[in-house]
file my_file.csv (CSV, C-alpha atoms)
chain,number,residue,atom,x,y,z
O,1,MET,CA,14.2,10.6,-14.7
O,2,SER,CA,14.1,13.2,-17.4
O,3,ARG,CA,11.3,15.7,-17.8
O,4,GLU,CA,10.2,13.8,-20.9
O,5,GLN,CA,10.0,10.5,-19.0
O,6,ARG,CA,8.0,12.1,-16.2
O,7,GLU,CA,5.6,13.6,-18.6
O,8,GLN,CA,5.3,10.4,-20.5
O,9,ALA,CA,4.6,8.4,-17.3
O,10,ARG,CA,1.9,10.8,-16.3
O,11,SER,CA,0.4,10.8,-19.8
O,12,LEU,CA,-0.3,7.1,-19.4
O,13,ILE,CA,-2.7,7.8,-16.6
O,14,ASP,CA,-6.1,9.4,-16.8
O,15,LYS,CA,-8.4,10.7,-14.1
O,16,SER,CA,-11.5,8.5,-13.9
O,17,GLU,CA,-15.0,9.9,-14.3
O,18,LEU,CA,-16.9,10.6,-11.2
O,19,GLY,CA,-20.3,9.0,-10.5
O,20,ARG,CA,-19.4,5.5,-11.7
O,21,THR,CA,-20.5,2.7,-9.4
O,22,PRO,CA,-18.0,0.6,-7.5
O,23,VAL,CA,-18.9,-2.4,-9.7
O,24,GLN,CA,-18.1,-0.4,-12.8
O,25,GLN,CA,-14.8,0.8,-11.4
O,26,ARG,CA,-13.8,-2.7,-10.4
O,27,ALA,CA,-14.5,-4.0,-13.8
O,28,ASP,CA,-12.4,-1.2,-15.4
O,29,PHE,CA,-9.6,-1.7,-12.9
O,30,ASP,CA,-9.5,-5.5,-13.3
O,31,GLU,CA,-9.5,-5.1,-17.1
O,32,MET,CA,-6.4,-2.9,-16.8
O,33,PHE,CA,-4.5,-4.7,-14.0
O,34,ALA,CA,-5.9,-8.2,-13.2
O,35,SER,CA,-4.2,-9.9,-16.2
O,36,ARG,CA,-0.9,-8.2,-16.3
O,37,PRO,CA,1.9,-10.7,-16.9
O,38,LEU,CA,4.0,-11.3,-13.8
O,39,GLY,CA,6.8,-13.3,-15.5
O,40,ASP,CA,7.3,-16.9,-16.3
O,41,ASP,CA,9.1,-17.4,-13.0
O,42,VAL,CA,6.1,-16.4,-10.9
O,43,THR,CA,3.5,-18.9,-9.6
O,44,LEU,CA,0.2,-17.8,-8.1
O,45,SER,CA,-1.5,-20.3,-5.7
O,46,PRO,CA,-4.9,-19.6,-4.3
O,47,ARG,CA,-5.3,-20.1,-0.5
O,48,THR,CA,-7.3,-18.9,2.4
O,49,LEU,CA,-5.7,-16.6,4.9
O,50,GLY,CA,-7.5,-15.3,8.0
O,51,GLY,CA,-10.8,-16.5,6.5
O,52,ARG,CA,-10.3,-14.5,3.3
O,53,PRO,CA,-9.2,-15.5,-0.2
O,54,ALA,CA,-5.5,-14.8,-0.9
O,55,LEU,CA,-2.8,-15.6,-3.4
O,56,ASP,CA,0.7,-17.0,-2.6
O,57,VAL,CA,3.1,-15.2,-4.9
O,58,ALA,CA,6.1,-17.5,-5.3
O,59,VAL,CA,9.1,-16.7,-7.5
O,60,GLU,CA,11.2,-19.5,-8.8
O,61,GLY,CA,14.3,-20.0,-6.8
O,62,ALA,CA,13.1,-17.9,-3.9
O,63,ASP,CA,14.0,-19.6,-0.6
O,64,GLY,CA,14.5,-16.8,1.8
O,65,GLU,CA,13.0,-16.9,5.3
O,66,GLY,CA,10.0,-14.8,6.1
O,67,VAL,CA,7.0,-13.6,4.2
O,68,VAL,CA,5.6,-10.4,2.8
O,69,LEU,CA,1.9,-9.7,3.4
O,70,TYR,CA,0.8,-7.5,0.6
O,71,LEU,CA,-2.3,-5.3,0.8
O,72,HIS,CA,-3.5,-4.0,-2.5
O,73,GLY,CA,-4.6,-0.5,-3.3
O,74,GLY,CA,-7.9,0.8,-4.8
O,75,GLY,CA,-9.4,3.3,-2.4
O,76,TYR,CA,-10.8,0.4,-0.2
O,77,SER,CA,-13.4,-0.2,-2.9
O,78,ILE,CA,-11.6,-1.8,-5.9
O,79,GLY,CA,-8.7,-4.1,-6.5
O,80,SER,CA,-8.0,-7.7,-5.5
O,81,ALA,CA,-5.3,-10.1,-4.5
O,82,ARG,CA,-4.5,-10.5,-8.2
O,83,THR,CA,-4.1,-6.8,-8.8
O,84,GLY,CA,-1.9,-6.6,-5.7
O,85,ALA,CA,0.2,-9.4,-7.1
O,86,ASN,CA,1.5,-7.0,-9.8
O,87,LEU,CA,3.5,-5.2,-7.1
O,88,ALA,CA,4.0,-8.1,-4.7
O,89,ALA,CA,5.7,-10.2,-7.4
O,90,PRO,CA,8.6,-7.8,-8.1
O,91,LEU,CA,9.2,-7.4,-4.4
O,92,ALA,CA,9.2,-11.2,-4.0
O,93,ARG,CA,11.6,-11.6,-6.9
O,94,SER,CA,14.0,-8.9,-5.5
O,95,THR,CA,13.9,-10.2,-2.0
O,96,GLY,CA,13.8,-14.0,-2.6
O,97,VAL,CA,10.9,-14.5,-0.2
O,98,LEU,CA,7.3,-15.6,-0.5
O,99,ALA,CA,4.6,-12.9,-0.8
O,100,VAL,CA,1.0,-13.3,0.0
O,101,SER,CA,-1.6,-10.9,-1.5
O,102,LEU,CA,-4.8,-10.6,0.4
O,103,ASP,CA,-8.4,-10.2,-0.8
O,104,TYR,CA,-9.8,-8.1,2.0
O,105,ARG,CA,-13.4,-7.0,2.0
O,106,LEU,CA,-14.3,-3.9,0.0
O,107,ALA,CA,-16.5,-0.9,0.5
O,108,PRO,CA,-19.2,0.2,0.2
O,109,GLU,CA,-20.6,-3.3,0.7
O,110,ASP,CA,-18.3,-3.8,3.6
O,111,PRO,CA,-17.2,-0.5,5.0
O,112,PHE,CA,-14.6,0.4,7.7
O,113,PRO,CA,-13.4,-1.5,9.7
O,114,ALA,CA,-14.0,-4.6,7.6
O,115,ALA,CA,-10.7,-4.3,5.8
O,116,VAL,CA,-8.7,-3.8,9.0
O,117,ASP,CA,-10.4,-6.8,10.6
O,118,ASP,CA,-9.5,-8.9,7.6
O,119,ALA,CA,-5.9,-7.7,7.5
O,120,LEU,CA,-5.5,-8.4,11.2
O,121,ALA,CA,-6.9,-11.9,10.9
O,122,ALA,CA,-4.5,-12.7,8.0
O,123,TYR,CA,-1.6,-11.3,10.0
O,124,LYS,CA,-2.5,-13.4,13.1
O,125,GLU,CA,-2.5,-16.5,11.0
O,126,LEU,CA,0.9,-15.7,9.5
O,127,LEU,CA,2.3,-15.0,13.0
O,128,GLU,CA,1.1,-18.4,14.1
O,129,SER,CA,3.1,-20.0,11.3
O,130,GLY,CA,6.3,-18.8,13.1
O,131,GLN,CA,7.6,-16.7,10.3
O,132,LYS,CA,8.8,-13.1,10.4
O,133,VAL,CA,6.3,-10.9,8.6
O,134,VAL,CA,7.0,-7.8,6.5
O,135,LEU,CA,3.9,-5.7,5.5
O,136,ALA,CA,3.7,-4.0,2.2
O,137,GLY,CA,0.9,-2.1,0.5
O,138,ASP,CA,0.1,0.6,-2.0
O,139,SER,CA,-2.3,3.6,-1.7
O,140,ALA,CA,-5.2,2.4,0.4
O,141,GLY,CA,-3.3,-0.8,1.0
O,142,GLY,CA,-0.4,1.3,2.4
O,143,GLY,CA,-2.7,3.0,4.8
O,144,LEU,CA,-4.2,-0.4,5.7
O,145,ALA,CA,-0.8,-1.8,6.5
O,146,LEU,CA,-0.2,1.1,8.9
O,147,ALA,CA,-3.7,0.6,10.4
O,148,LEU,CA,-2.9,-3.1,10.8
O,149,MET,CA,0.2,-2.3,12.8
O,150,LEU,CA,-1.9,-0.2,15.1
O,151,ALA,CA,-4.6,-2.9,15.4
O,152,ALA,CA,-1.9,-5.5,16.2
O,153,ARG,CA,-0.5,-3.2,19.0
O,154,ARG,CA,-4.0,-2.8,20.3
O,155,ALA,CA,-4.5,-6.6,20.3
O,156,GLY,CA,-1.3,-7.2,22.1
O,157,LEU,CA,0.4,-8.9,19.1
O,158,PRO,CA,4.0,-8.5,18.1
O,159,GLN,CA,4.7,-6.0,15.4
O,160,PRO,CA,5.8,-7.1,12.0
O,161,VAL,CA,9.5,-6.6,11.4
O,162,GLY,CA,8.8,-3.7,9.1
O,163,ALA,CA,6.5,-2.2,6.5
O,164,VAL,CA,6.9,-0.9,3.0
O,165,LEU,CA,4.4,1.8,2.1
O,166,TYR,CA,3.9,2.9,-1.5
O,167,SER,CA,2.1,6.2,-1.8
O,168,PRO,CA,0.0,5.4,1.3
O,169,TRP,CA,-3.4,6.9,1.9
O,170,THR,CA,-3.1,7.6,5.6
O,171,ASP,CA,-5.7,10.3,6.1
O,172,VAL,CA,-9.3,9.6,4.8
O,173,SER,CA,-10.4,13.0,6.2
O,174,LEU,CA,-8.4,14.6,3.3
O,175,SER,CA,-6.9,17.3,5.5
O,176,GLY,CA,-3.5,17.4,3.7
O,177,GLY,CA,-2.8,20.5,1.8
O,178,SER,CA,-1.5,18.6,-1.2
O,179,VAL,CA,-5.1,17.2,-1.8
O,180,ASP,CA,-5.8,20.6,-3.3
O,181,SER,CA,-2.4,22.0,-4.2
O,182,ARG,CA,-1.4,18.9,-6.3
O,183,GLY,CA,-4.8,18.4,-7.9
O,184,ASP,CA,-3.8,19.8,-11.3
O,185,PHE,CA,-0.5,18.1,-11.3
O,186,ASP,CA,-1.8,14.6,-10.3
O,187,PRO,CA,-2.8,12.7,-13.4
O,188,LEU,CA,-4.9,10.2,-11.5
O,189,PHE,CA,-6.7,11.8,-8.5
O,190,SER,CA,-8.5,14.9,-7.4
O,191,ARG,CA,-10.1,15.8,-4.1
O,192,ALA,CA,-13.5,14.9,-5.5
O,193,GLN,CA,-12.4,11.4,-6.5
O,194,MET,CA,-10.7,10.8,-3.1
O,195,ALA,CA,-13.8,12.1,-1.3
O,196,GLU,CA,-16.0,9.6,-3.2
O,197,SER,CA,-13.8,6.7,-2.1
O,198,ALA,CA,-13.6,8.0,1.5
O,199,ASP,CA,-17.4,8.3,1.7
O,200,TRP,CA,-17.8,4.7,0.5
O,201,TYR,CA,-15.3,3.5,3.1
O,202,ILE,CA,-16.2,5.5,6.1
O,203,GLN,CA,-19.9,6.1,5.5
O,204,SER,CA,-21.3,7.4,8.8
O,205,GLN,CA,-18.2,6.7,10.9
O,206,ASP,CA,-15.5,9.1,12.2
O,207,PRO,CA,-12.8,9.6,9.5
O,208,SER,CA,-10.3,10.6,12.2
O,209,ASP,CA,-10.5,7.2,13.8
O,210,GLU,CA,-6.9,6.0,14.1
O,211,LEU,CA,-7.6,2.8,12.3
O,212,ALA,CA,-9.3,4.7,9.4
O,213,SER,CA,-6.7,7.5,9.3
O,214,PRO,CA,-3.6,6.1,11.0
O,215,LEU,CA,-1.8,9.4,10.4
O,216,PHE,CA,-3.5,10.7,13.5
O,217,ALA,CA,-2.5,7.8,15.8
O,218,ASP,CA,0.2,7.7,18.4
O,219,LEU,CA,2.8,5.7,16.4
O,220,THR,CA,5.0,4.9,19.4
O,221,GLY,CA,6.4,1.4,19.2
O,222,LEU,CA,5.6,0.7,15.6
O,223,ALA,CA,8.0,-1.3,13.5
O,224,PRO,CA,10.4,0.5,11.0
O,225,LEU,CA,8.8,2.1,8.0
O,226,LEU,CA,9.9,2.7,4.4
O,227,ILE,CA,7.7,5.3,2.7
O,228,GLN,CA,7.9,6.0,-1.1
O,229,VAL,CA,5.9,8.7,-2.8
O,230,GLY,CA,5.9,10.8,-5.9
O,231,SER,CA,5.7,14.6,-5.9
O,232,ALA,CA,2.9,14.5,-8.5
O,233,GLU,CA,0.3,13.2,-6.0
O,234,VAL,CA,-2.6,14.6,-4.1
O,235,LEU,CA,-1.5,12.2,-1.4
O,236,LEU,CA,2.0,13.6,-1.1
O,237,ASP,CA,1.2,15.2,2.3
O,238,ASP,CA,-0.1,11.8,3.6
O,239,SER,CA,3.5,10.5,3.3
O,240,LEU,CA,5.3,13.7,4.4
O,241,ARG,CA,3.2,14.1,7.5
O,242,LEU,CA,3.5,10.4,8.3
O,243,ALA,CA,7.3,10.5,8.1
O,244,VAL,CA,7.4,13.5,10.5
O,245,ARG,CA,4.9,11.9,13.0
O,246,ALA,CA,6.8,8.6,12.9
O,247,ALA,CA,10.1,10.3,13.6
O,248,GLU,CA,8.6,12.3,16.5
O,249,ALA,CA,7.4,9.0,17.9
O,250,GLU,CA,10.9,7.6,17.7
O,251,VAL,CA,10.0,5.1,14.9
O,252,ASP,CA,12.7,4.3,12.4
O,253,VAL,CA,11.4,5.8,9.2
O,254,SER,CA,12.9,6.3,5.7
O,255,LEU,CA,11.1,8.5,3.2
O,256,ASP,CA,11.8,8.5,-0.6
O,257,VAL,CA,10.2,11.3,-2.6
O,258,VAL,CA,10.6,11.1,-6.4
O,259,ALA,CA,10.2,14.4,-8.2
O,260,GLY,CA,7.5,14.4,-10.8
O,261,ALA,CA,6.5,10.8,-10.3
O,262,PRO,CA,2.8,9.8,-10.2
O,263,HIS,CA,0.9,7.8,-7.6
O,264,VAL,CA,2.3,4.3,-7.0
O,265,PHE,CA,5.0,4.9,-9.7
O,266,GLN,CA,6.5,1.5,-8.8
O,267,TYR,CA,4.1,0.2,-11.4
O,268,PHE,CA,6.6,1.6,-13.9
O,269,THR,CA,9.4,-0.8,-13.0
O,270,GLY,CA,11.3,-1.6,-16.2
O,271,PHE,CA,10.2,1.7,-17.7
O,272,LEU,CA,11.3,4.4,-15.3
O,273,PRO,CA,14.8,4.2,-13.7
O,274,GLU,CA,13.4,5.7,-10.5
O,275,ALA,CA,10.9,2.9,-10.2
O,276,ASP,CA,13.6,0.4,-10.5
O,277,GLU,CA,15.7,2.2,-7.9
O,278,ALA,CA,12.7,2.4,-5.6
O,279,LEU,CA,12.2,-1.3,-5.9
O,280,GLU,CA,15.8,-1.9,-5.1
O,281,ARG,CA,15.6,0.2,-1.9
O,282,ALA,CA,12.4,-1.5,-0.9
O,283,ALA,CA,13.9,-4.9,-1.4
O,284,ALA,CA,17.0,-4.0,0.6
O,285,PHE,CA,14.8,-2.7,3.4
O,286,VAL,CA,12.8,-6.0,3.4
O,287,ARG,CA,16.0,-8.2,3.4
O,288,ARG,CA,17.6,-6.1,6.1
O,289,ARG,CA,14.5,-6.3,8.3
O,290,LEU,CA,14.1,-10.1,7.8
O,291,SER,CA,17.8,-10.8,8.5
O,292,ASP,CA,18.0,-8.6,11.6
O,293,ARG,CA,18.1,-10.8,14.6
O,294,LEU,CA,16.7,-7.9,16.6
O,295,GLY,CA,13.9,-7.5,14.1
O,296,ASP,CA,11.2,-9.1,16.2
O,297,GLN,CA,9.4,-6.2,17.7
O,298,PRO,CA,8.1,-6.2,21.2
O,299,VAL,CA,4.4,-6.3,22.0
O,300,GLY,CA,3.0,-2.7,21.9
call {"tool": "encode", "arguments": {"input": "my_file.csv", "output": "structure tokens"}}
result
Amino acid sequence: MSREQREQARSLIDKSELGRTPVQQRADFDEMFASRPLGDDVTLSPRTLGGRPALDVAVEGADGEGVVLYLHGGGYSIGSARTGANLAAPLARSTGVLAVSLDYRLAPEDPFPAAVDDALAAYKELLESGQKVVLAGDSAGGGLALALMLAARRAGLPQPVGAVLYSPWTDVSLSGGSVDSRGDFDPLFSRAQMAESADWYIQSQDPSDELASPLFADLTGLAPLLIQVGSAEVLLDDSLRLAVRAAEAEVDVSLDVVAGAPHVFQYFTGFLPEADEALERAAAFVRRRLSDRLGDQPVG
């Protein structure tokens, strides 16, 4: 990625104004992302999963075994199964397997742990179908995927075969140094914006709870992780610290850091070579985990 490409990518993103209601933010987010074309080869089919609305994201010709459970981003307060499909579809296309994008409940109307409960219920239903499951998510959805793995371990359920985390938000207490040091470099978020979302999600509860901030959990026994993050992110340290803690817990973990890339730069697939390369690595990870006969993880 050239310096010009990095600057152009960041120029396409603007920090949102503080003080807007969740309803206003959802409307703006949906206007920008909920109708993005997915390709003529993609079919979206509404379904219910774990008692929540969801979308099957099927790509023509895909016949691989397994399923990707996709958890969308949006600070736990905006986004939908449809916005999540924008990132689930390329992953489904590149892996040849079905993806399912979940509409989990959103804060502040349904604060923590509603999203975790919904994700766990959806995961249980997929397990009962007998398929191997890979988790994937971006931003808050990435943190939610990690929290789901912890909740599954707590419930005595098998782990997924792996998880792909795009710029995951793993620490809602905002203790990472990059929350401040990257604030001027990040074209999308600042501490104040992240704090607003965290307040809506956590409300009066403990932000260090391991299912809210899974960075602080004992990660022993979790399935392999692939973490991808850009250096132009206030959430950079959420990924760096997660990779270290996972390695210390003897979890297989791979970390991709793309210099100058913004939050969830995978949205720029087809525009930034690094986004295309990141998708290729994510797809290879998913295929490898689904084809690994030893991929079924023991109960934690």
call {"tool": "residues_near_point", "arguments": {"input": "my_file.csv", "point": "(-9.5, -19.5, 6.3)", "cutoff": "12 Å", "atoms": "all atoms listed in the file", "output": "PDB file with C-alpha atoms, in the coordinates of the input"}}
result
ATOM      1  CA  PRO O  46      -4.900 -19.600  -4.300  1.00  0.00           C
ATOM      2  CA  ARG O  47      -5.300 -20.100  -0.500  1.00  0.00           C
ATOM      3  CA  THR O  48      -7.300 -18.900   2.400  1.00  0.00           C
ATOM      4  CA  LEU O  49      -5.700 -16.600   4.900  1.00  0.00           C
ATOM      5  CA  GLY O  50      -7.500 -15.300   8.000  1.00  0.00           C
ATOM      6  CA  GLY O  51     -10.800 -16.500   6.500  1.00  0.00           C
ATOM      7  CA  ARG O  52     -10.300 -14.500   3.300  1.00  0.00           C
ATOM      8  CA  PRO O  53      -9.200 -15.500  -0.200  1.00  0.00           C
ATOM      9  CA  ALA O  54      -5.500 -14.800  -0.900  1.00  0.00           C
ATOM     10  CA  LEU O 102      -4.800 -10.600   0.400  1.00  0.00           C
ATOM     11  CA  ASP O 103      -8.400 -10.200  -0.800  1.00  0.00           C
ATOM     12  CA  ASP O 118      -9.500  -8.900   7.600  1.00  0.00           C
ATOM     13  CA  ALA O 121      -6.900 -11.900  10.900  1.00  0.00           C
ATOM     14  CA  ALA O 122      -4.500 -12.700   8.000  1.00  0.00           C
ATOM     15  CA  TYR O 123      -1.600 -11.300  10.000  1.00  0.00           C
ATOM     16  CA  LYS O 124      -2.500 -13.400  13.100  1.00  0.00           C
ATOM     17  CA  GLU O 125      -2.500 -16.500  11.000  1.00  0.00           C
ATOM     18  CA  LEU O 126       0.900 -15.700   9.500  1.00  0.00           C
TER      19      LEU O 126
END
call {"tool": "residues_near_point", "arguments": {"input": "my_file.csv", "point": "(4.0, 0.6, -5.5)", "cutoff": "9 Å", "atoms": "all atoms listed in the file", "output": "PyMOL selection string"}}
result
chain O and resi 73+87-88+136-139+165-167+228-229+263-268+275+278-279
call {"tool": "atom_distance", "arguments": {"input": "my_file.csv", "atom1": "atom CA of O:Val42", "atom2": "atom CA of O:Val59"}}
result
4.5 Å
call {"tool": "atom_distance", "arguments": {"input": "my_file.csv", "atom1": "atom CA of O:Asp199", "atom2": "atom CA of O:Gly74"}}
result
13.7 Å
call {"tool": "atom_distance", "arguments": {"input": "my_file.csv", "atom1": "atom CA of O:Val253", "atom2": "atom CA of O:Leu235"}}
result
17.9 Å
call {"tool": "closest_residue", "arguments": {"input": "my_file.csv", "among": "O:Glu248, O:Asp184, O:Asp171, O:Glu210", "to": "O:Ala147", "atoms": "all atoms listed in the file"}}
result
O:Glu210
call {"tool": "closest_residue", "arguments": {"input": "my_file.csv", "among": "O:Ala198, O:Ala259, O:Ala58, O:Val179", "to": "O:Gly96", "atoms": "only C-alpha atoms"}}
result
O:Ala58
call {"tool": "closest_residue", "arguments": {"input": "my_file.csv", "among": "O:Ala223, O:Ser80, O:Val97, O:Lys132", "to": "O:Gly61", "atoms": "all atoms listed in the file"}}
result
O:Val97
call {"tool": "closest_residue", "arguments": {"input": "my_file.csv", "among": "O:Leu69, O:Ala27, O:Leu91, O:Val234", "to": "O:Ser181", "atoms": "only C-alpha atoms"}}
result
O:Val234
call {"tool": "residues_around", "arguments": {"input": "my_file.csv", "residues": "O:Gln24", "least_positions_apart": "6", "cutoff": "12 Å", "atoms": "all atoms listed in the file", "output": "list in words"}}
result
Ser16, Glu17, Leu18, Asp30, Glu31, Ser77, Ile78 and Gly79 of chain O
call {"tool": "closest_residue", "arguments": {"input": "my_file.csv", "among": "O:Ala145, O:Leu157, O:Val258, O:Ala92", "to": "O:Ser231", "atoms": "all atoms listed in the file"}}
result
O:Val258
call {"tool": "closest_residue", "arguments": {"input": "my_file.csv", "among": "O:Ser101, O:Ser204, O:Gln159, O:Gln193", "to": "O:Gly75", "atoms": "all atoms listed in the file"}}
result
O:Gln193
call {"tool": "residues_around", "arguments": {"input": "my_file.csv", "residues": "O:Gln205", "least_positions_apart": "5", "cutoff": "12 Å", "atoms": "only C-alpha atoms", "output": "ChimeraX atom specification"}}
result
/O:111-113,172-173,198-200,210-213
call {"tool": "residues_around", "arguments": {"input": "my_file.csv", "residues": "O:Asp56", "least_positions_apart": "2", "cutoff": "6 Å", "atoms": "all atoms listed in the file", "output": "count of residues only"}}
result
4
call {"tool": "residues_around", "arguments": {"input": "my_file.csv", "residues": "O:Glu233", "least_positions_apart": "3", "cutoff": "6 Å", "atoms": "only C-alpha atoms", "output": "mmCIF file with C-alpha atoms, in the coordinates of the input"}}
result
data_model
loop_
_atom_site.group_PDB
_atom_site.id
_atom_site.type_symbol
_atom_site.label_atom_id
_atom_site.label_comp_id
_atom_site.auth_asym_id
_atom_site.auth_seq_id
_atom_site.Cartn_x
_atom_site.Cartn_y
_atom_site.Cartn_z
ATOM 1 C CA ARG O 182 -1.400 18.900 -6.300
ATOM 2 C CA ASP O 186 -1.800 14.600 -10.300
ATOM 3 C CA LEU O 236 2.000 13.600 -1.100
ATOM 4 C CA PRO O 262 2.800 9.800 -10.200
ATOM 5 C CA HIS O 263 0.900 7.800 -7.600
#
